[in-house]
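A.B. asks: Let me begin by handing over the structure; questions about it come next.
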Amino acid sequence: MAAAVGMGQQWVLVEMVQAFYEAPAYHLILEGILILWIIRLIFSKTYKLQERSDLTPKEKEELIEEWQPEPLVPPVSKDHPALNYNIVSGPPTHKIIVNGKECVNFASFNFLGLLDNEKSAAQASLKKYGVGTCGPRGFYGTFDVHLELEDRLAKFMRTEEAIIYSYGFATIASAIPAYSKRGDIVFVDEAACFAIQKGLQASRSNIKLFKHNDMTDLERLLKEQETEDQKNPRKARVTRRFIVVEGLYMNTGDICPLPELIKLKYKYKVRIFLEESLSFGVLGEHGRGITEHFGINIDDIDLISANMENSLASIGGFCCGRSFIIDHQRLSGQGYCFSASLPPLLAAAAIEALNIMEDNPEIFQTLRAKCERIHRALQGISGLRVVGESFSPALHLRLEDSYGSRENDVKLLKRIVDYCINSGIALTQARYLEKEEKCLPSPSIRVVVTVEQTEQELDKAASLIKEAAKSVLN
């Protein structure tokens, strides 16, 4: 037996030697290189110790003196508009005191003039609940007045359910990332407001911008996406697609073509999120917004959001829609879950505003008529052009031609605003975070219309703006 084993080992050795001689040369070279590389890795050090060079105390002091840290923030000139405020004394109602001078208010978003009409309701709530809530909705921050306001908003908008936030900006900025996640696709108008932009940024979704109110461009993007989905149907099945638009655009005053958007929604199977901060309490026979304006079934919209800081003259915002959609925000809406809830006095003020809107539906026609009046009066100003719909309560005045740079344009518009303030008409420039805007709008003066302004004041404001433009631009 031992002899047989010995013979077997000899044959194995012979076969190995024979295979070595018969192997191709390149094979042997490659194996030799690999063997040498393995040996080198085994015996070589994984890192080299740097030679230590001890510095003298004097050398250390010199290096410390020479070192200049990077600035925490970039330098900002002292004359930057954001650092130079117009100081308001008293309530921002129809007449406003700016820098100690009384002016007619064409700057605040108190469209329906309800700011003064909510005081008694807010005062009663203040006596009952105090000022703040000191806790998010899920941690003893839900008060009965919050539930009442959500119920009233849902009934007013004719939706199944509503949810309120304590900060208007955070409403749509929290709602978008609650649904749209990494890998999902969002088609958004390039004129979308900054709150929408921050919501998209937080969602980490794939963002596709389409030209402002250009449905042809939007459909082009939808077709391109449809083609991509056909190439990878497995991925397409788990990818959600959204269209995000505003009812009335804050940055332009334009209305979105909602009927066309609804057609595209069903044709390409996408969801629509509608931001109505400017159109809620403005459009429609009863102020329900753009869906009422166009006579569209509100169930065709997947989610509606709006702040309560414009028409309702309060603070915060709300979303409304079907119950299963709204309930998801109670679990995932960051502004809802982690911020202290809306102070009860502000919820009571919003409820009182809804009461007034329901009891006085003619107020919306009054506002529309005044918007159209000043829109007509502002036409034909030399050097300026009106941007926005005739029924938008927030119009923009932009320069017809740039004066060399954005900085120069901003300064010229500021001179027009200052001229008007000194003459008793309070206007404001539209402000943007220039380095963070996806599509930076052109500089503009914003003219805000409310029901409290008289026809004489509207005509005076238009006349004064023409006078200021002539003085500054010519």
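Chains: A, B, ... in order of the structure tokens. Residues: from 1 per chain. Ligands: from 1, in order shown.
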From the DSSP assignment of the backbone, select every residue of range 18-213 of chain A that is strand (DSSP E or B), and format the answer as an MDAnalysis selection string.
C.D. replies: chainID A and resid 88:89 95:98 101:105 161:165 185:189 206:210
A.B. asks: Closest to Leu248 in chain A among A:Gly383, A:Pro344, A:Pro74, A:Pro393, using only C-alpha atoms?
C.D. replies: A:Pro393
A.B. asks: Name the residues in contact with range 446-451 of chain A at a cut-off of 7 Å, using only C-alpha atoms, excluding same-chain residues fewer than 3 positions from it; report them as a PyMOL selection string.
C.D. replies: chain A and resi 106-113+366-367+371+393-397+427-430
A.B. asks: Could you tell me which of A:Leu399, A:Val244, A:Ile374, A:Ile325 comes closest to Glu160 in chain A if we count only C-alpha atoms?
C.D. replies: A:Ile325
